[in-house]
Amino acid sequence: MTSIAIPLFAQFTALDGIGPYEVLQRIPSFDITFVGHERGVVRSDNGMLGIEVDATFEELTNPDILVFPGGFGTRALMTDERVLDWVRSAHTTTAYTTSVCTGSLVLAAAGLLDGLTATTHWGALDVLAAHGAIPTGQRVVEHLDHRIITAAGVSSGIDMALRLVEILVDRTAAEASQLMIEYDPQPPFDSGSTAKASTEVVERVVEYAARRQ
């Protein structure tokens with residue numbers, strides 16, 4: 001079995017973790033564990049959704065795969081030495097260490113992205129740059145020689161997880177997982193990046209984000 005650790009923490013973004021989970025859990029040889037500071041329920045960034053942490057960081061020290069989600073809560077983790085030490089230690093033996101959205105800020109704070117191109121949510125690219133990475137707006141950024149993959153905001157974690165299945169198993173497995181979750185995006189709007197969104201839409205995002213902090 002391939003062991004996969006998905007950390008959870010207060011104010012995580014739900015789809016950052018659950019998107020990759022839904023892709024990866026379709027593969028019978030993958031075993032996924034939600035890890036955190038302590039066992040029990042943690043709440044997502046809006047406080048509405050709670051998900052169970054099944055193991056502490058110390059109980060799963062050497063996962064084969066690490067998928068670090070993002071959310072407002074990552075800012076506190078960037079100075080949490082317990083988390084940063086766990087990430088550094090886990091990365092020494094992982095096949096791949098990956099992130100979604102602002103999860104890459106934690107990888108950067110741990111020193112894993114020094115001098116590497118990486119991505120995150122568009123609203124946090126400047127923070128990524130301030131911690132040694134070279135920010136890019138790409139949806140998924142791979143450094144397979146360094147065993148690092150970063151994904152941009154929220155929904156891009158699904159794309160990253162599909163690519164991870166291809167790398168770990170094969171393309172057919174990835175496409176089978178894609179079909180099982182019927183991931184065939186046909187959104188009613190074309191405003192999913194800052195390159196496409198109007199100024200009005202960006203301003204609304206900023207307004208909504210400010211209310212949640």
# chains A, B, ... in the order shown; residues from 1 in each chain; ligands from 1
call {"tool": "residues_around", "arguments": {"residues": "range 78-80 of chain A", "least_positions_apart": "2", "cutoff": "12 Å", "atoms": "only C-alpha atoms", "output": "compact mmCIF listing (two decimals) with C-alpha atoms, in the first residue's frame"}}
result
# COMPACT_ATOMS: atom_id res chain seq x y z
CA PHE A 9 -5.55 22.21 10.69
CA HIS A 37 -1.72 18.29 15.77
CA GLY A 70 -4.06 25.40 2.05
CA PHE A 72 -6.18 30.84 6.00
CA GLY A 73 -4.74 28.56 8.67
CA THR A 74 -1.48 28.03 6.80
CA ARG A 75 -0.21 31.44 7.93
CA ALA A 76 0.05 30.21 11.53
CA ARG A 82 6.29 21.17 15.08
CA VAL A 83 4.68 21.20 11.65
CA LEU A 84 7.75 22.46 9.80
CA ASP A 85 9.98 19.81 11.39
CA TRP A 86 7.45 17.12 10.47
CA VAL A 87 7.34 18.33 6.85
CA THR A 102 -1.38 28.05 0.17
CA GLY A 103 -0.14 24.69 1.37
CA SER A 104 2.95 25.59 -0.67
CA LEU A 105 3.63 28.40 1.80
CA VAL A 106 4.23 25.77 4.46
CA LEU A 107 6.57 23.85 2.16
CA ALA A 108 8.40 27.11 1.46
CA ALA A 109 8.63 27.98 5.16
CA ALA A 110 10.13 24.53 5.73
CA GLY A 111 12.81 25.33 3.15
CA VAL A 127 4.22 35.49 0.22
CA LEU A 128 5.64 32.52 -1.66
CA HIS A 131 10.06 32.59 1.45
call {"tool": "select_by_dssp", "arguments": {"residues": "range 41-152 of chain A", "states": "strand (DSSP E or B)", "output": "ChimeraX atom specification"}}
result
/A:41-44,50-53,55-56,65-68,96-100,117-118,134-135,140-143,148-151
call {"tool": "write_last_selection", "arguments": {"atoms": "N, CA and C atoms", "output": "CSV table (one decimal), in the first residue's frame"}}
result
chain,number,residue,atom,x,y,z
A,41,VAL,N,-11.8,16.4,15.6
A,41,VAL,CA,-12.4,17.2,14.5
A,41,VAL,C,-11.7,18.6,14.4
A,42,VAL,N,-11.4,19.0,13.2
A,42,VAL,CA,-10.9,20.4,12.9
A,42,VAL,C,-11.9,21.0,11.9
A,43,ARG,N,-12.0,22.3,12.0
A,43,ARG,CA,-12.9,23.1,11.2
A,43,ARG,C,-12.3,23.8,10.0
A,44,SER,N,-13.0,23.8,8.9
A,44,SER,CA,-12.5,24.5,7.7
A,44,SER,C,-12.5,26.0,7.9
A,50,GLY,N,-16.5,20.3,9.5
A,50,GLY,CA,-15.5,19.6,10.4
A,50,GLY,C,-15.1,18.3,9.8
A,51,ILE,N,-13.8,18.0,9.8
A,51,ILE,CA,-13.3,16.7,9.3
A,51,ILE,C,-12.4,16.1,10.4
A,52,GLU,N,-12.4,14.8,10.5
A,52,GLU,CA,-11.7,14.1,11.6
A,52,GLU,C,-10.3,13.9,11.3
A,53,VAL,N,-9.4,14.3,12.2
A,53,VAL,CA,-8.0,13.9,12.1
A,53,VAL,C,-7.8,12.5,12.8
A,55,ALA,N,-4.8,10.7,12.9
A,55,ALA,CA,-3.5,10.4,13.5
A,55,ALA,C,-2.8,11.8,13.7
A,56,THR,N,-1.9,11.8,14.7
A,56,THR,CA,-1.1,13.0,14.9
A,56,THR,C,0.1,12.9,14.0
A,65,ILE,N,3.5,9.6,0.4
A,65,ILE,CA,3.1,10.9,-0.3
A,65,ILE,C,2.6,11.8,0.7
A,66,LEU,N,2.9,13.1,0.6
A,66,LEU,CA,2.4,14.2,1.4
A,66,LEU,C,1.6,15.1,0.5
A,67,VAL,N,0.4,15.4,0.9
A,67,VAL,CA,-0.4,16.4,0.2
A,67,VAL,C,-0.8,17.5,1.2
A,68,PHE,N,-0.2,18.6,1.1
A,68,PHE,CA,-0.5,19.7,2.1
A,68,PHE,C,-1.5,20.7,1.6
A,96,TYR,N,6.9,11.6,-3.1
A,96,TYR,CA,6.6,13.0,-3.6
A,96,TYR,C,6.0,13.8,-2.4
A,97,THR,N,6.4,15.0,-2.3
A,97,THR,CA,5.8,16.0,-1.4
A,97,THR,C,5.0,17.0,-2.2
A,98,THR,N,3.8,17.2,-2.0
A,98,THR,CA,2.9,18.0,-2.8
A,98,THR,C,2.1,19.0,-2.0
A,99,SER,N,1.6,20.0,-2.6
A,99,SER,CA,0.8,21.0,-1.9
A,99,SER,C,-0.3,21.5,-2.8
A,100,VAL,N,-1.4,22.0,-2.2
A,100,VAL,CA,-2.5,22.7,-2.9
A,100,VAL,C,-2.7,24.1,-2.4
A,117,THR,N,10.8,27.0,-8.8
A,117,THR,CA,9.5,27.6,-9.2
A,117,THR,C,8.4,26.9,-8.5
A,118,ALA,N,7.3,27.6,-8.1
A,118,ALA,CA,6.2,27.0,-7.4
A,118,ALA,C,5.0,27.8,-7.6
A,134,ILE,N,10.3,30.7,-6.3
A,134,ILE,CA,10.1,31.6,-7.5
A,134,ILE,C,8.6,31.4,-7.9
A,135,PRO,N,7.8,32.3,-7.6
A,135,PRO,CA,6.3,32.1,-7.9
A,135,PRO,C,6.0,32.1,-9.4
A,140,VAL,N,-0.2,23.7,-12.2
A,140,VAL,CA,0.5,22.7,-11.5
A,140,VAL,C,2.0,22.8,-11.9
A,141,VAL,N,2.9,22.8,-10.9
A,141,VAL,CA,4.3,23.0,-11.2
A,141,VAL,C,5.0,21.7,-10.6
A,142,GLU,N,5.7,21.0,-11.5
A,142,GLU,CA,6.4,19.8,-11.1
A,142,GLU,C,7.9,20.0,-11.1
A,143,HIS,N,8.5,19.4,-10.0
A,143,HIS,CA,10.0,19.3,-10.0
A,143,HIS,C,10.2,17.8,-9.5
A,148,ILE,N,8.9,17.2,-5.8
A,148,ILE,CA,8.0,18.3,-5.3
A,148,ILE,C,7.0,18.6,-6.4
A,149,ILE,N,5.7,18.7,-6.1
A,149,ILE,CA,4.7,19.2,-7.0
A,149,ILE,C,3.8,20.2,-6.2
A,150,THR,N,3.6,21.3,-6.8
A,150,THR,CA,2.7,22.3,-6.2
A,150,THR,C,1.6,22.6,-7.1
A,151,ALA,N,0.4,22.9,-6.5
A,151,ALA,CA,-0.8,23.2,-7.3
A,151,ALA,C,-1.3,24.6,-6.9
call {"tool": "select_by_dssp", "arguments": {"residues": "chain A", "states": "helix (DSSP H, G or I)", "output": "PyMOL selection string"}}
result
chain A and resi 14-24+57-59+74-77+81-91+103-109+122-129+156-168+171-180+199-212
call {"tool": "closest_residue", "arguments": {"among": "A:Thr120, A:Thr94, A:Ser29, A:Thr136", "to": "Ser155 in chain A", "atoms": "only C-alpha atoms"}}
result
A:Thr120
call {"tool": "atom_distance", "arguments": {"atom1": "CA of Phe34 in chain A", "atom2": "CA of Pro69 in chain A"}}
result
11.0 Å
call {"tool": "closest_residue", "arguments": {"among": "A:Ile6, A:Asp114, A:Ala195, A:Met160", "to": "Ala130 in chain A", "atoms": "only C-alpha atoms"}}
result
A:Asp114
call {"tool": "residues_around", "arguments": {"residues": "range 174-179 of chain A", "least_positions_apart": "3", "cutoff": "12 Å", "atoms": "only C-alpha atoms", "output": "list in words"}}
result
Gly19, Pro20, Tyr21, Glu22, Val23, Leu24, Gln25, Arg26, Ile27, Pro28, Ile158, Asp159, Met160, Ala161, Leu162, Arg163, Leu164, Val165, Glu166, Ile167, Leu168, Val169, Asp170, Arg171, Glu182, Tyr183, Asp184 and Pro185 of chain A
call {"tool": "decode", "arguments": {"residues": "range 160-189 of chain A", "atoms": "C-alpha atoms", "output": "tab-separated table (two decimals), in the first residue's frame"}}
result
chain	number	residue	atom	x	y	z
A	160	MET	CA	-2.43	17.70	-9.38
A	161	ALA	CA	-3.82	14.51	-7.86
A	162	LEU	CA	-4.69	13.09	-11.26
A	163	ARG	CA	-1.14	13.75	-12.42
A	164	LEU	CA	0.15	12.12	-9.24
A	165	VAL	CA	-1.86	8.98	-10.00
A	166	GLU	CA	-0.34	8.90	-13.48
A	167	ILE	CA	3.18	9.16	-12.04
A	168	LEU	CA	2.62	6.56	-9.32
A	169	VAL	CA	0.53	4.07	-11.32
A	170	ASP	CA	-0.10	4.87	-14.98
A	171	ARG	CA	-2.20	7.05	-17.26
A	172	THR	CA	-5.05	4.54	-17.43
A	173	ALA	CA	-5.38	4.61	-13.65
A	174	ALA	CA	-5.46	8.41	-13.70
A	175	GLU	CA	-8.10	8.47	-16.39
A	176	ALA	CA	-10.11	5.83	-14.54
A	177	SER	CA	-10.04	7.98	-11.41
A	178	GLN	CA	-11.07	10.98	-13.48
A	179	LEU	CA	-14.01	9.04	-14.88
A	180	MET	CA	-15.04	7.71	-11.47
A	181	ILE	CA	-15.42	11.24	-10.13
A	182	GLU	CA	-16.85	12.37	-13.49
A	183	TYR	CA	-14.38	15.23	-13.61
A	184	ASP	CA	-15.31	16.83	-16.92
A	185	PRO	CA	-15.28	20.58	-16.22
A	186	GLN	CA	-17.71	22.67	-18.21
A	187	PRO	CA	-18.24	25.71	-15.96
A	188	PRO	CA	-21.02	28.16	-16.73
A	189	PHE	CA	-18.57	31.06	-16.43
